[in-house]
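The structure appears below as structure tokens.
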Amino acid sequence: MNDKSYTEFTKLSGQKKNTNTYVKDLYIEMLLSEIQLKNEKANLMTLIDKAIDEHDRKTFNELSNEFNLLCKRFGT
């Protein structure tokens, strides 16, 4: 009977480790996605500001559309 409980305990312990690893991996992936989104937004905003300064309407419209698509893709 003690063998069964030890085996069950070992299995449960392994499952907790897998769950913790999964949660950590998920958190890291979310964090990296957030960093990527902020970086892409910042780059686009810099280019949009430059297009405004240069009165380049075509580039402004293209970059604005790209910015809007980026926001929709990430749900922001």
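Lettering and numbering for the structure tokens are positional, with chains as A, B, ... in the shown order, residues counted from 1 in each chain, and ligands counted from 1 in the shown order.
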Within 12 Å of Cys71 of chain A using only C-alpha atoms, minus same-chain residues under 3 positions, as a PyMOL selection string: chain A and resi 34+37-38+40-41+44+64-68+74-76
Excluding Phe60 of chain A and any residue of its chain fewer than 2 positions from it, enumerate the residues within 9 Å of it, using only C-alpha atoms, and give them as a PDB file with C-alpha atoms, in the first residue's frame.
ATOM      1  CA  LEU A  47       8.579  56.424 -39.256  1.00  0.00           C
ATOM      2  CA  ILE A  48       5.097  57.972 -39.148  1.00  0.00           C
ATOM      3  CA  ASP A  49       6.475  61.058 -37.389  1.00  0.00           C
ATOM      4  CA  LYS A  50       9.178  61.339 -40.040  1.00  0.00           C
ATOM      5  CA  ALA A  51       6.576  61.087 -42.821  1.00  0.00           C
ATOM      6  CA  ILE A  52       4.555  63.849 -41.143  1.00  0.00           C
ATOM      7  CA  HIS A  55       4.776  66.039 -45.561  1.00  0.00           C
ATOM      8  CA  ASP A  56       4.835  62.624 -47.241  1.00  0.00           C
ATOM      9  CA  ARG A  57       1.153  61.740 -47.323  1.00  0.00           C
ATOM     10  CA  LYS A  58       1.586  58.458 -49.215  1.00  0.00           C
ATOM     11  CA  GLU A  62       0.899  53.271 -45.730  1.00  0.00           C
ATOM     12  CA  LEU A  63       2.565  53.328 -42.311  1.00  0.00           C
ATOM     13  CA  SER A  64      -0.694  54.264 -40.578  1.00  0.00           C
ATOM     14  CA  ASN A  65      -2.423  51.307 -42.190  1.00  0.00           C
TER      15      ASN A  65
END
Separation of atom CA of Asn18 of chain A from atom CA of Ile35 of chain A, in Å and rounded to one decimal: 25.7 Å
Distance in Å - atom CA of Met30 of chain A versus atom CA of Asn43 of chain A: 20.0 Å
One-decimal distance in Å that lies between atom CA of Ser33 of chain A and atom CA of Met45 of chain A: 18.1 Å
